[in-house]
Every structure is written in structure tokens, then in C-alpha cells.
file data-v4.cif (mmCIF, C-alpha atoms, pLDDT in the B column; chains and numbers go by the auth columns)
data_data
#
loop_
_atom_site.group_PDB
_atom_site.id
_atom_site.type_symbol
_atom_site.label_atom_id
_atom_site.label_comp_id
_atom_site.label_asym_id
_atom_site.label_seq_id
_atom_site.Cartn_x
_atom_site.Cartn_y
_atom_site.Cartn_z
_atom_site.B_iso_or_equiv
_atom_site.auth_seq_id
_atom_site.auth_asym_id
ATOM 1 C CA MET A 1 -122.377 -126.956 -48.706 76.00 1 A
ATOM 2 C CA GLU A 2 -125.405 -127.693 -50.872 78.00 2 A
ATOM 3 C CA GLN A 3 -127.426 -124.953 -49.178 86.00 3 A
ATOM 4 C CA LEU A 4 -124.558 -122.471 -49.567 90.00 4 A
ATOM 5 C CA LEU A 5 -124.353 -123.260 -53.281 89.00 5 A
ATOM 6 C CA SER A 6 -128.089 -122.796 -53.765 91.00 6 A
ATOM 7 C CA LYS A 7 -127.999 -119.430 -51.961 93.00 7 A
ATOM 8 C CA ALA A 8 -124.975 -118.320 -53.999 93.00 8 A
ATOM 9 C CA THR A 9 -126.747 -119.385 -57.204 92.00 9 A
ATOM 10 C CA ALA A 10 -129.811 -117.398 -56.207 93.00 10 A
ATOM 11 C CA ALA A 11 -127.635 -114.394 -55.369 93.00 11 A
ATOM 12 C CA ALA A 12 -125.923 -114.601 -58.774 92.00 12 A
ATOM 13 C CA ALA A 13 -129.331 -114.792 -60.448 91.00 13 A
ATOM 14 C CA CYS A 14 -130.334 -111.699 -58.469 91.00 14 A
ATOM 15 C CA ALA A 15 -127.213 -109.945 -59.773 89.00 15 A
ATOM 16 C CA GLY A 16 -128.443 -110.770 -63.279 85.00 16 A
ATOM 17 C CA ILE A 17 -131.838 -109.346 -62.372 87.00 17 A
ATOM 18 C CA ALA A 18 -130.156 -106.167 -61.125 87.00 18 A
ATOM 19 C CA ALA A 19 -128.111 -105.906 -64.324 81.00 19 A
ATOM 20 C CA HIS A 20 -131.296 -106.227 -66.376 80.00 20 A
ATOM 21 C CA VAL A 21 -132.988 -103.555 -64.294 82.00 21 A
ATOM 22 C CA ALA A 22 -129.949 -101.316 -64.898 78.00 22 A
ATOM 23 C CA MET A 23 -130.846 -101.384 -68.596 73.00 23 A
ATOM 24 C CA VAL A 24 -134.098 -99.580 -67.787 74.00 24 A
ATOM 25 C CA SER A 25 -132.267 -96.250 -67.788 73.00 25 A
ATOM 26 C CA SER A 26 -131.431 -96.785 -71.480 68.00 26 A
ATOM 27 C CA GLY A 27 -135.088 -96.306 -72.404 72.00 27 A
ATOM 28 C CA GLY A 28 -136.866 -97.619 -75.487 76.00 28 A
ATOM 29 C CA TRP A 29 -136.690 -101.279 -76.360 76.00 29 A
ATOM 30 C CA MET A 30 -133.794 -101.819 -73.944 72.00 30 A
ATOM 31 C CA MET A 31 -136.070 -100.762 -71.093 79.00 31 A
ATOM 32 C CA ALA A 32 -138.851 -103.128 -72.130 82.00 32 A
ATOM 33 C CA MET A 33 -136.494 -106.064 -72.684 80.00 33 A
ATOM 34 C CA GLY A 34 -134.609 -105.415 -69.434 78.00 34 A
ATOM 35 C CA LEU A 35 -137.820 -105.434 -67.416 85.00 35 A
ATOM 36 C CA CYS A 36 -139.141 -108.566 -69.160 86.00 36 A
ATOM 37 C CA MET A 37 -135.895 -110.474 -68.605 82.00 37 A
ATOM 38 C CA ALA A 38 -135.729 -109.387 -64.972 84.00 38 A
ATOM 39 C CA LEU A 39 -139.285 -110.598 -64.408 88.00 39 A
ATOM 40 C CA VAL A 40 -138.518 -113.944 -66.078 86.00 40 A
ATOM 41 C CA CYS A 41 -135.456 -114.482 -63.829 86.00 41 A
ATOM 42 C CA ILE A 42 -137.271 -113.898 -60.537 90.00 42 A
ATOM 43 C CA PRO A 43 -139.067 -117.292 -60.198 90.00 43 A
ATOM 44 C CA CYS A 44 -135.888 -119.343 -60.621 89.00 44 A
ATOM 45 C CA ALA A 45 -133.886 -117.126 -58.261 91.00 45 A
ATOM 46 C CA TRP A 46 -136.662 -117.373 -55.673 93.00 46 A
ATOM 47 C CA THR A 47 -136.910 -121.146 -56.019 92.00 47 A
ATOM 48 C CA MET A 48 -133.147 -121.635 -55.717 92.00 48 A
ATOM 49 C CA TRP A 49 -133.200 -119.525 -52.553 93.00 49 A
ATOM 50 C CA ARG A 50 -136.203 -121.124 -50.862 93.00 50 A
ATOM 51 C CA ALA A 51 -136.466 -124.717 -52.108 91.00 51 A
ATOM 52 C CA PRO A 52 -133.884 -125.609 -54.762 91.00 52 A
ATOM 53 C CA SER A 53 -134.763 -128.375 -57.178 91.00 53 A
ATOM 54 C CA LEU A 54 -132.979 -130.258 -59.931 92.00 54 A
ATOM 55 C CA ARG A 55 -135.434 -128.845 -62.475 93.00 55 A
ATOM 56 C CA THR A 56 -134.743 -125.250 -61.421 92.00 56 A
ATOM 57 C CA ALA A 57 -130.978 -125.768 -61.434 93.00 57 A
ATOM 58 C CA ARG A 58 -131.115 -127.295 -64.917 94.00 58 A
ATOM 59 C CA MET A 59 -133.265 -124.389 -66.086 93.00 59 A
ATOM 60 C CA LEU A 60 -130.799 -121.889 -64.630 91.00 60 A
ATOM 61 C CA VAL A 61 -127.820 -123.560 -66.305 94.00 61 A
ATOM 62 C CA GLY A 62 -129.520 -123.693 -69.696 94.00 62 A
ATOM 63 C CA MET A 63 -131.114 -120.262 -69.623 91.00 63 A
ATOM 64 C CA SER A 64 -128.055 -118.552 -68.162 92.00 64 A
ATOM 65 C CA LEU A 65 -125.780 -119.951 -70.863 94.00 65 A
ATOM 66 C CA ALA A 66 -128.331 -119.114 -73.562 92.00 66 A
ATOM 67 C CA MET A 67 -128.653 -115.563 -72.229 88.00 67 A
ATOM 68 C CA ALA A 68 -124.868 -115.123 -72.093 91.00 68 A
ATOM 69 C CA VAL A 69 -124.620 -116.134 -75.757 91.00 69 A
ATOM 70 C CA LEU A 70 -127.606 -113.949 -76.688 86.00 70 A
ATOM 71 C CA HIS A 71 -126.138 -110.896 -74.978 83.00 71 A
ATOM 72 C CA ALA A 72 -122.782 -111.477 -76.679 86.00 72 A
ATOM 73 C CA VAL A 73 -124.557 -111.652 -80.043 84.00 73 A
ATOM 74 C CA LEU A 74 -126.517 -108.508 -79.196 78.00 74 A
ATOM 75 C CA ILE A 75 -123.304 -106.660 -78.384 79.00 75 A
ATOM 76 C CA MET A 76 -121.852 -107.666 -81.728 78.00 76 A
ATOM 77 C CA GLY A 77 -125.139 -107.144 -83.571 70.00 77 A
ATOM 78 C CA VAL A 78 -125.832 -103.730 -82.061 55.00 78 A
ATOM 79 C CA ALA A 79 -122.370 -102.716 -83.181 45.00 79 A
ATOM 80 C CA ALA A 80 -123.324 -103.265 -86.825 49.00 80 A
ATOM 81 C CA PRO A 81 -123.592 -100.029 -88.813 49.00 81 A
ATOM 82 C CA VAL A 82 -127.138 -98.763 -89.301 50.00 82 A
ATOM 83 C CA ASN A 83 -126.514 -97.310 -92.742 52.00 83 A
ATOM 84 C CA HIS A 84 -125.500 -99.343 -95.757 51.00 84 A
ATOM 85 C CA VAL A 85 -121.774 -98.741 -96.071 53.00 85 A
ATOM 86 C CA HIS A 86 -119.237 -100.190 -98.468 53.00 86 A
ATOM 87 C CA GLY A 87 -115.811 -100.503 -97.008 55.00 87 A
ATOM 88 C CA VAL A 88 -114.470 -100.793 -93.502 55.00 88 A
ATOM 89 C CA VAL A 89 -116.028 -98.964 -90.574 51.00 89 A
ATOM 90 C CA PRO A 90 -113.491 -98.297 -87.824 53.00 90 A
ATOM 91 C CA LEU A 91 -114.312 -100.334 -84.740 51.00 91 A
ATOM 92 C CA THR A 92 -113.768 -97.297 -82.512 55.00 92 A
ATOM 93 C CA ASP A 93 -116.584 -95.437 -84.307 54.00 93 A
ATOM 94 C CA VAL A 94 -118.946 -98.358 -83.929 50.00 94 A
ATOM 95 C CA ALA A 95 -118.035 -98.889 -80.267 52.00 95 A
ATOM 96 C CA ALA A 96 -118.464 -95.198 -79.477 55.00 96 A
ATOM 97 C CA ALA A 97 -121.925 -95.160 -81.047 54.00 97 A
ATOM 98 C CA HIS A 98 -123.161 -98.052 -78.884 57.00 98 A
ATOM 99 C CA SER A 99 -121.007 -97.876 -75.773 63.00 99 A
ATOM 100 C CA SER A 100 -123.953 -97.126 -73.463 66.00 100 A
ATOM 101 C CA HIS A 101 -125.436 -100.559 -74.254 68.00 101 A
ATOM 102 C CA VAL A 102 -122.225 -102.555 -73.967 75.00 102 A
ATOM 103 C CA ALA A 103 -121.496 -102.160 -70.231 75.00 103 A
ATOM 104 C CA PRO A 104 -124.912 -103.387 -69.016 74.00 104 A
ATOM 105 C CA ALA A 105 -124.821 -106.290 -71.496 76.00 105 A
ATOM 106 C CA LEU A 106 -121.332 -107.288 -70.313 83.00 106 A
ATOM 107 C CA ALA A 107 -122.555 -107.183 -66.708 81.00 107 A
ATOM 108 C CA VAL A 108 -125.402 -109.509 -67.665 81.00 108 A
ATOM 109 C CA ILE A 109 -122.992 -111.871 -69.448 88.00 109 A
ATOM 110 C CA VAL A 110 -120.774 -112.095 -66.368 89.00 110 A
ATOM 111 C CA ALA A 111 -123.779 -112.641 -64.080 87.00 111 A
ATOM 112 C CA ASP A 112 -125.129 -115.297 -66.450 91.00 112 A
ATOM 113 C CA PHE A 113 -121.859 -117.237 -66.556 93.00 113 A
ATOM 114 C CA VAL A 114 -121.485 -117.087 -62.767 93.00 114 A
ATOM 115 C CA THR A 115 -125.107 -118.199 -62.321 92.00 115 A
ATOM 116 C CA ALA A 116 -124.653 -121.088 -64.757 94.00 116 A
ATOM 117 C CA TRP A 117 -121.435 -122.188 -63.058 95.00 117 A
ATOM 118 C CA LEU A 118 -122.945 -122.075 -59.568 94.00 118 A
ATOM 119 C CA ALA A 119 -126.146 -123.829 -60.671 94.00 119 A
ATOM 120 C CA ALA A 120 -124.094 -126.542 -62.384 95.00 120 A
ATOM 121 C CA ALA A 121 -122.001 -126.980 -59.232 94.00 121 A
ATOM 122 C CA TRP A 122 -125.160 -127.273 -57.117 93.00 122 A
ATOM 123 C CA LEU A 123 -126.669 -129.681 -59.631 92.00 123 A
ATOM 124 C CA ARG A 124 -123.586 -131.898 -59.642 92.00 124 A
ATOM 125 C CA ARG A 125 -123.512 -132.008 -55.863 91.00 125 A
ATOM 126 C CA ALA A 126 -127.257 -132.683 -55.567 90.00 126 A
ATOM 127 C CA VAL A 127 -127.128 -135.505 -58.122 88.00 127 A
ATOM 128 C CA SER A 128 -124.055 -137.092 -56.515 88.00 128 A
ATOM 129 C CA MET A 129 -125.780 -137.067 -53.112 83.00 129 A
ATOM 130 C CA GLN A 130 -128.803 -138.897 -54.563 80.00 130 A
ATOM 131 C CA GLN A 131 -126.714 -141.763 -55.900 72.00 131 A
ATOM 132 C CA PRO A 132 -125.929 -144.611 -53.480 65.00 132 A
#

call {"tool": "encode", "arguments": {"input": "data-v4.cif", "output": "C-alpha cells"}}
result
Amino acid sequence: MEQLLSKATAAAACAGIAAHVAMVSSGGWMMAMGLCMALVCIPCAWTMWRAPSLRTARMLVGMSLAMAVLHAVLIMGVAAPVNHVHGVVPLTDVAAAHSSHVAPALAVIVADFVTAWLAAAWLRRAVSMQQP
């Protein structure tokens, strides 16, 4: 079971890597950030696949949750109007202007939550097996 959880965690991390790589088609700063984040995720995914450790699982839980929150903030922050406007801007206008960035970010959020959940499950099992 522990090995299955570590492989599933690595697979979920790879899904996050794929979602980051999907941002490359957006171009500009999204491309650069997507590539950087994908490169940062690779070592932990590889370690969880080959030789999982408590340190790697803790890192995956923390970073995955932090990335999920960051991407949620980015979705809300990117939706802010660029021009200084007094009054209410209809949400549909804001969403339409940034809809190409929302789908990849939501995919990353889902992958991050799944990765964090699986890593936490592996961590709990690994710690419980170490205790007498």
C-alpha cells in the first residue's frame, strides 16, 4: 500500500508538471513561470517514484498546498482590472478578458490538492509504520 501511495503521489505531481507545461502555450511571463515551476516539481516527483522519503513527502504537502493557494490568488489577482476604474466592473467582462489563464491555473490547483492529499496519506502511513 505504501508503494502504491508513493507512486500515485508521484503521478499526481507529474500531472502538476504537465499542467505547468500546458501554460507554455500562453507565452510571455506565463511561459517562463510554467517552465520554472515544472522544473522545480521534477525532483520531488522523481524521488517519490524511486525512493520516497519523509522529507520529500513533507515538502510535497507544503509546496503543493502553497502552490494551490498561490494559483487561486493569481486567478483572482489576474482578474483585477488593468485600468483604474471607479465603480463596479462586471465579473463576466473580467472573466472573459482572462479566461485563457484560468483553465490551466485551475488544473494546477486540482493537481496540487490531489498531490498534497496523496503525499499526506503516504506520510501518515509511513510514520505510523515506524512507530512500535

call {"tool": "closest_residue", "arguments": {"input": "data-v4.cif", "among": "A:Met23, A:Leu60, A:Ala12, A:Val102", "to": "A:Ile75", "atoms": "all atoms listed in the file"}}
result
A:Val102

call {"tool": "closest_atom_pairs", "arguments": {"input": "data-v4.cif", "of": "stretch 10-44 of chain A", "to": "stretch 112-132 of chain A", "cutoff": "10 Å", "atoms": "only C-alpha atoms", "output": "CSV"}}
result
residue,atom,partner,partner_atom,distance
A:Ala10,CA,A:Thr115,CA,7.8
A:Ala11,CA,A:Thr115,CA,8.3
A:Ala12,CA,A:Thr115,CA,5.1
A:Ala13,CA,A:Thr115,CA,5.7
A:Cys14,CA,A:Thr115,CA,9.2
A:Ala15,CA,A:Asp112,CA,8.8
A:Gly16,CA,A:Asp112,CA,6.4
A:Ile17,CA,A:Asp112,CA,9.9

call {"tool": "resolve_selection", "arguments": {"input": "data-v4.cif", "expression": "the PyMOL selection byres ((chain A and resi 34) around 10)", "output": "PyMOL selection string"}}
result
chain A and resi 17-27+29-33+35-40+104

call {"tool": "axis_aligned_box", "arguments": {"input": "data-v4.cif", "around": "stretch 4-8 of chain A", "padding_each_side": "6 Å", "output": "JSON"}}
result
{"center_x": -126.2, "center_y": -120.8, "center_z": -51.8, "size_x": 15.7, "size_y": 16.9, "size_z": 16.4}

call {"tool": "resolve_selection", "arguments": {"input": "data-v4.cif", "expression": "the PyMOL selection byres ((chain A and resi 70-74) around 8)", "output": "list in words"}}
result
Ala66, Met67, Ala68, Val69, Ile75, Met76, Gly77, Val78, Ala105, Leu106, Val108 and Ile109 of chain A

call {"tool": "atom_distance", "arguments": {"input": "data-v4.cif", "atom1": "atom CA of A:Ala57", "atom2": "atom CA of A:Leu5"}}
result
10.8 Å
